[in-house]
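Undergrad: Contents of coords21.txt (compact mmCIF, C-alpha atoms and all ligand atoms) are given next:
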# COMPACT_ATOMS: atom_id res chain seq x y z
CA MET U 155 98.09 -91.97 -25.56
CA ASP U 156 99.90 -88.86 -26.72
CA LYS U 157 103.60 -88.86 -26.01
CA VAL U 158 104.60 -86.87 -22.92
CA LEU U 159 108.20 -85.73 -22.39
CA LYS U 160 108.98 -86.21 -18.71
CA SER U 161 110.76 -83.44 -16.79
CA PHE U 162 110.05 -81.00 -19.61
CA ILE U 163 108.71 -77.71 -18.19
CA VAL U 164 107.15 -75.17 -20.53
CA PHE U 165 106.27 -71.57 -19.68
CA GLU U 166 103.51 -69.92 -21.68
CA GLY U 167 101.85 -66.52 -21.59
CA LEU U 168 101.08 -63.39 -23.53
CA ASP U 169 103.82 -60.92 -24.47
CA GLY U 170 104.53 -58.94 -21.32
CA ALA U 171 103.08 -61.65 -19.05
CA GLY U 172 106.38 -62.06 -17.21
CA THR U 173 107.35 -65.58 -18.26
CA THR U 174 110.99 -64.66 -18.94
CA THR U 175 111.41 -63.10 -15.46
CA GLN U 176 109.85 -66.16 -13.84
CA ILE U 177 112.07 -68.53 -15.81
CA MET U 178 115.19 -66.63 -14.80
CA ASN U 179 114.12 -66.78 -11.15
CA LEU U 180 113.44 -70.50 -11.35
CA ALA U 181 116.82 -71.05 -13.01
CA ARG U 182 118.52 -69.09 -10.23
CA TYR U 183 116.72 -71.21 -7.65
CA TYR U 184 117.86 -74.44 -9.33
CA GLU U 185 121.37 -73.02 -9.57
CA PHE U 186 121.33 -72.29 -5.82
CA ASN U 187 120.16 -75.84 -5.09
CA ARG U 188 122.71 -77.30 -7.50
CA ARG U 189 120.05 -78.89 -9.63
CA GLU U 190 120.91 -79.63 -13.21
CA TYR U 191 118.67 -78.05 -15.80
CA PHE U 192 118.76 -76.90 -19.40
CA LEU U 193 117.24 -73.55 -20.24
CA THR U 194 115.93 -72.84 -23.72
CA ARG U 195 113.37 -70.83 -25.67
CA GLU U 196 111.27 -70.63 -28.80
CA PRO U 197 111.76 -69.09 -31.27
CA THR U 198 115.24 -70.57 -30.77
CA ASP U 199 118.58 -68.94 -31.51
CA ASN U 200 119.18 -71.48 -34.27
CA PRO U 201 119.01 -70.40 -37.94
CA ILE U 202 115.27 -71.07 -38.41
CA GLY U 203 114.47 -69.28 -35.15
CA GLN U 204 116.57 -66.33 -36.25
CA LEU U 205 114.58 -66.18 -39.47
CA VAL U 206 111.36 -66.15 -37.42
CA ARG U 207 112.67 -63.18 -35.42
CA GLN U 208 113.48 -61.36 -38.65
CA VAL U 209 109.85 -61.80 -39.71
CA LEU U 210 108.68 -60.48 -36.31
CA GLN U 211 110.97 -57.47 -36.72
CA LYS U 212 109.52 -56.90 -40.20
CA LYS U 213 112.92 -57.34 -41.83
CA VAL U 214 111.52 -60.27 -43.81
CA ALA U 215 107.96 -60.41 -45.12
CA THR U 216 105.96 -63.62 -45.54
CA THR U 217 102.45 -65.04 -45.16
CA PRO U 218 100.93 -66.02 -41.79
CA GLU U 219 100.91 -69.66 -42.95
CA ALA U 220 104.59 -69.59 -43.94
CA LEU U 221 105.41 -68.02 -40.56
CA ALA U 222 103.44 -70.79 -38.82
CA LEU U 223 105.45 -73.38 -40.77
CA LEU U 224 108.68 -71.64 -39.78
CA TYR U 225 107.73 -71.77 -36.10
CA ALA U 226 106.96 -75.47 -36.52
CA ALA U 227 110.22 -76.11 -38.40
CA ASP U 228 112.17 -74.29 -35.68
CA ARG U 229 110.38 -76.43 -33.11
CA HIS U 230 111.11 -79.71 -34.91
CA ASP U 231 114.79 -78.79 -35.03
CA HIS U 232 114.68 -77.69 -31.38
CA LEU U 233 113.26 -81.06 -30.36
CA PHE U 234 114.97 -83.52 -32.64
CA SER U 235 118.25 -82.06 -33.92
CA GLU U 236 121.10 -84.60 -33.70
CA SER U 237 123.37 -82.05 -32.05
CA HIS U 238 121.08 -80.01 -29.78
CA GLY U 239 117.67 -81.74 -29.64
CA ILE U 240 115.91 -81.28 -26.30
CA ALA U 241 113.69 -84.38 -26.67
CA ARG U 242 116.63 -86.66 -26.03
CA MET U 243 117.76 -84.55 -23.07
CA ALA U 244 114.32 -84.80 -21.48
CA GLU U 245 114.17 -88.53 -22.21
CA GLU U 246 117.49 -88.90 -20.39
CA GLY U 247 115.83 -87.36 -17.34
CA ARG U 248 117.34 -83.88 -17.51
CA ILE U 249 115.13 -80.98 -16.46
CA VAL U 250 114.48 -78.93 -19.60
CA ILE U 251 112.80 -75.53 -19.20
CA SER U 252 111.50 -73.77 -22.29
CA ASP U 253 110.25 -70.23 -22.65
CA ARG U 254 107.31 -71.06 -25.00
CA TYR U 255 106.46 -74.24 -26.92
CA PHE U 256 103.80 -75.36 -29.39
CA TYR U 257 100.97 -73.89 -27.29
CA SER U 258 102.28 -70.49 -28.43
CA SER U 259 101.63 -71.55 -32.02
CA ILE U 260 98.16 -72.86 -31.14
CA ALA U 261 97.37 -69.59 -29.36
CA TYR U 262 99.04 -67.03 -31.64
CA GLN U 263 99.00 -68.53 -35.14
CA SER U 264 95.38 -69.71 -34.84
CA VAL U 265 94.26 -66.08 -34.78
CA GLU U 266 95.27 -65.58 -38.40
CA CYS U 267 95.43 -69.13 -39.77
CA ASP U 268 93.06 -72.09 -39.85
CA PRO U 269 93.29 -73.65 -36.34
CA GLY U 270 93.10 -77.16 -37.87
CA PHE U 271 96.17 -76.43 -39.98
CA ILE U 272 98.05 -75.11 -36.94
CA ARG U 273 97.18 -78.22 -34.90
CA LEU U 274 98.23 -80.47 -37.76
CA ILE U 275 101.69 -78.95 -38.13
CA ASN U 276 102.18 -78.94 -34.35
CA ALA U 277 101.68 -82.62 -33.58
CA PHE U 278 104.66 -82.58 -31.21
CA PRO U 279 105.14 -84.47 -27.93
CA SER U 280 103.54 -82.80 -24.91
CA PRO U 281 105.59 -81.42 -22.03
CA GLU U 282 104.96 -82.95 -18.60
CA PHE U 283 104.54 -79.51 -17.02
CA ILE U 284 102.96 -76.32 -18.34
CA ILE U 285 103.13 -73.10 -16.37
CA PHE U 286 100.68 -70.57 -17.77
CA VAL U 287 101.47 -67.10 -16.48
CA ASP U 288 98.04 -65.59 -16.97
CA THR U 289 98.36 -61.81 -16.92
CA PRO U 290 95.45 -59.58 -17.99
CA VAL U 291 95.86 -58.10 -21.49
CA GLU U 292 95.76 -54.51 -20.20
CA GLU U 293 98.57 -55.23 -17.74
CA CYS U 294 100.64 -56.90 -20.51
CA LEU U 295 100.17 -53.89 -22.78
CA ALA U 296 101.21 -51.50 -20.00
CA ARG U 297 104.38 -53.53 -19.36
CA ILE U 298 105.28 -53.69 -23.06
CA GLU U 299 104.80 -49.93 -23.29
CA LYS U 300 106.97 -49.36 -20.22
CA ARG U 301 109.79 -51.48 -21.64
CA GLY U 302 109.78 -49.03 -24.53
CA GLU U 303 110.23 -51.90 -26.95
CA ALA U 304 109.57 -51.44 -30.61
CA ARG U 305 106.17 -53.03 -31.03
CA GLU U 306 106.50 -56.31 -32.83
CA LEU U 307 103.77 -57.88 -34.92
CA PHE U 308 101.82 -59.26 -32.01
CA ASP U 309 101.73 -56.41 -29.52
CA ARG U 310 98.11 -55.47 -30.06
CA GLY U 311 95.34 -55.54 -27.48
CA GLU U 312 92.63 -57.10 -29.59
CA PHE U 313 95.03 -59.66 -30.92
CA LEU U 314 96.27 -60.59 -27.45
CA THR U 315 92.69 -61.00 -26.24
CA SER U 316 92.15 -63.63 -28.94
CA VAL U 317 95.49 -65.25 -28.10
CA ARG U 318 94.48 -65.52 -24.45
CA GLU U 319 91.17 -67.14 -25.41
CA ASN U 320 93.04 -69.63 -27.59
CA TYR U 321 95.40 -70.48 -24.74
CA ILE U 322 92.52 -71.08 -22.37
CA ARG U 323 90.74 -73.29 -24.90
CA ALA U 324 93.91 -75.32 -25.58
CA PHE U 325 94.57 -75.80 -21.87
CA SER U 326 91.02 -76.96 -21.20
CA SER U 327 91.67 -80.33 -22.90
CA LEU U 328 95.18 -81.58 -22.28
CA PRO U 329 96.30 -85.19 -22.77
CA GLU U 330 96.61 -87.47 -19.77
CA GLY U 331 99.84 -86.97 -17.84
CA VAL U 332 100.23 -83.29 -18.69
CA LYS U 333 100.08 -81.07 -15.62
CA LEU U 334 99.03 -77.45 -15.83
CA LEU U 335 99.54 -74.59 -13.40
CA THR U 336 97.70 -71.38 -14.19
CA VAL U 337 99.15 -68.61 -12.09
CA ASP U 338 97.78 -65.08 -11.87
CA GLY U 339 100.55 -62.98 -13.41
CA ALA U 340 99.12 -59.70 -12.09
CA GLN U 341 100.40 -60.61 -8.62
CA PRO U 342 103.80 -59.38 -7.35
CA ILE U 343 106.79 -61.16 -8.93
CA ASP U 344 107.71 -62.89 -5.62
CA THR U 345 104.20 -64.25 -5.16
CA VAL U 346 104.12 -65.70 -8.67
CA GLU U 347 107.58 -67.13 -8.14
CA SER U 348 106.73 -68.88 -4.90
CA GLU U 349 103.50 -70.31 -6.34
CA ILE U 350 105.50 -71.79 -9.20
CA ARG U 351 108.16 -73.20 -6.88
CA ARG U 352 105.62 -74.69 -4.52
CA TRP U 353 103.79 -76.36 -7.39
CA LEU U 354 106.96 -77.79 -8.96
CA SER U 355 108.29 -79.01 -5.63
CA SER U 356 105.08 -80.98 -5.12
CA PHE U 357 106.38 -83.07 -8.05
CA SER U 358 109.90 -83.15 -6.58
CA LEU U 359 111.15 -80.60 -9.10
P1 LIG U 401 109.01 -64.13 -27.25
O1 LIG U 401 109.30 -65.34 -26.45
O2 LIG U 401 108.10 -63.13 -26.66
O3 LIG U 401 110.38 -63.47 -27.73
P2 LIG U 401 111.16 -62.25 -27.09
O4 LIG U 401 111.62 -62.73 -25.76
O5 LIG U 401 112.26 -62.03 -28.09
O6 LIG U 401 110.20 -61.09 -27.01
O7 LIG U 401 108.42 -64.61 -28.64
C1 LIG U 401 108.38 -63.77 -29.76
C2 LIG U 401 107.00 -63.68 -30.31
O8 LIG U 401 106.68 -64.86 -31.04
C3 LIG U 401 105.90 -63.52 -29.29
O9 LIG U 401 105.06 -62.46 -29.71
C4 LIG U 401 105.13 -64.81 -29.35
C5 LIG U 401 105.37 -65.28 -30.74
N1 LIG U 401 105.28 -66.73 -30.96
C6 LIG U 401 104.28 -67.22 -31.81
O10 LIG U 401 103.47 -66.48 -32.35
N2 LIG U 401 104.23 -68.56 -32.06
C7 LIG U 401 105.11 -69.44 -31.53
O11 LIG U 401 105.03 -70.65 -31.79
C8 LIG U 401 106.13 -68.92 -30.65
C9 LIG U 401 107.14 -69.84 -30.05
C10 LIG U 401 106.18 -67.56 -30.39
Write the structure described by the file as structure tokens, please.
TA:
Amino acid sequence: MDKVLKSFIVFEGLDGAGTTTQIMNLARYYEFNRREYFLTREPTDNPIGQLVRQVLQKKVATTPEALALLYAADRHDHLFSESHGIARMAEEGRIVISDRYFYSSIAYQSVECDPGFIRLINAFPSPEFIIFVDTPVEECLARIEKRGEARELFDRGEFLTSVRENYIRAFSSLPEGVKLLTVDGAQPIDTVESEIRRWLSSFSL
């Protein structure tokens, strides 16, 4: 059986789906209830993650395959680093919440690279919980526009439509022991938040 990291919660979704807002709200809720948790994200703030962000900001140019390898390298470091690896934290029973994980690579990098290659370089342990904030592409684009953010590499409608399809395909065959919540991200923030809370609390989280 594939390895599953217990008490590891991963949020996934398209750019503009609202994952970051939902993670902050969940963190605040855990804070209020004095629950211990560790909040993190990918790309990370570590050196390889910073390099990834430079590629996204077009400050550094590379190939889609090299970018995919950088995401995977950042992820390996994120999981297994001696000093800050989250795999050990999760194994010790700490709640670890990550904004994105390898499903982002499966969904995003598979648009431009060979999906078999992306799978191969992302043979990482599964999280126990995946929360997929599924927001329609049009809504995501409208939110990105409203934020007035400089459009990064991936903020394109057609591209995001393919990414969403890849997510849905990846989530249709998950290993045993991995639990998935797909929540409609077009709903009001509070509704999404309470659906997530209700679902997690059914697993005592
Ligand atoms: P994101 O979490 O949206 O960063 P920020 O909060 O700074 O906007 O991630 C940045 C982009 O990277 C986003 O478009 C998704 C993409 N991405 C991948 O393509 N593959 C990956 O493996 C990861 C983790 C992210």
Undergrad: Would you give me, as a Markdown table, each residue of region 262-295 of chain U having an atom within 7 Å of an atom of region 202-226 of chain U, along with its shortest atom pair and that distance in Å to one decimal, using only C-alpha atoms and sorting by chain and residue number?
TA:
| residue | atom | partner | partner_atom | distance |
| --- | --- | --- | --- | --- |
| U:Gln263 | CA | U:Ala222 | CA | 6.2 |
| U:Glu266 | CA | U:Pro218 | CA | 6.6 |
| U:Cys267 | CA | U:Glu219 | CA | 6.4 |
| U:Ile275 | CA | U:Ala226 | CA | 6.5 |
| U:Asn276 | CA | U:Ala226 | CA | 6.3 |
Undergrad: Counting all atoms listed in the file, what residues are within 9 Å of ligand LIG 401 (chain U), given as a VMD selection string?
TA: chain U and resid 166 to 170 173 to 174 195 to 198 203 206 to 207 210 221 to 222 224 to 226 228 to 229 253 to 263 306 to 309
Undergrad: For the atom pair CA of Ala340 (chain U) and CA of Thr289 (chain U), what is the interatomic distance in Å to one decimal place?
TA: 5.3 Å
Undergrad: Between U:Phe278, U:Phe271, U:Phe192, U:Phe325, which is the closest to Met178 (chain U) once you count only C-alpha atoms?
TA: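 For Met178 (chain U), the nearest of the given residues is U:Phe192.
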Undergrad: Counting only C-alpha atoms, which residue out of U:Asp338, U:Glu347, U:Gly239, U:Glu312 sits closest to Ile177 (chain U)?
TA: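 The closest residue to Ile177 (chain U) is U:Glu347.
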Undergrad: Build an axis-aligned box that encloses every atom of region 335-352 of chain U listed in the file, pad it by 5 Å on each side, and report its centre and edge lengths in Å to one decimal, as JSON.
TA:
{"center_x": 102.9, "center_y": -67.0, "center_z": -9.4, "size_x": 20.5, "size_y": 25.3, "size_z": 19.7}
Undergrad: From the set U:Ala181, U:Ile249, U:Val346, U:Met243, which residue has the shortest atom-to-atom contact distance to Ser358 (chain U), counting all atoms listed in the file?
TA: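 For Ser358 (chain U), the nearest of the given residues is U:Ile249.
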Undergrad: Which is closest to Phe165 (chain U) among U:Gly339, U:Leu314, U:Phe286, U:Asp344, if we use all atoms listed in the file?
TA: U:Phe286
Undergrad: Which one of U:Ser264, U:Tyr191, U:Tyr184, U:Gln176 sits closest to Ser355 (chain U) if you count all atoms listed in the file?
TA: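 Between U:Ser264, U:Tyr191, U:Tyr184, U:Gln176, the residue approaching Ser355 (chain U) most closely is U:Tyr184.
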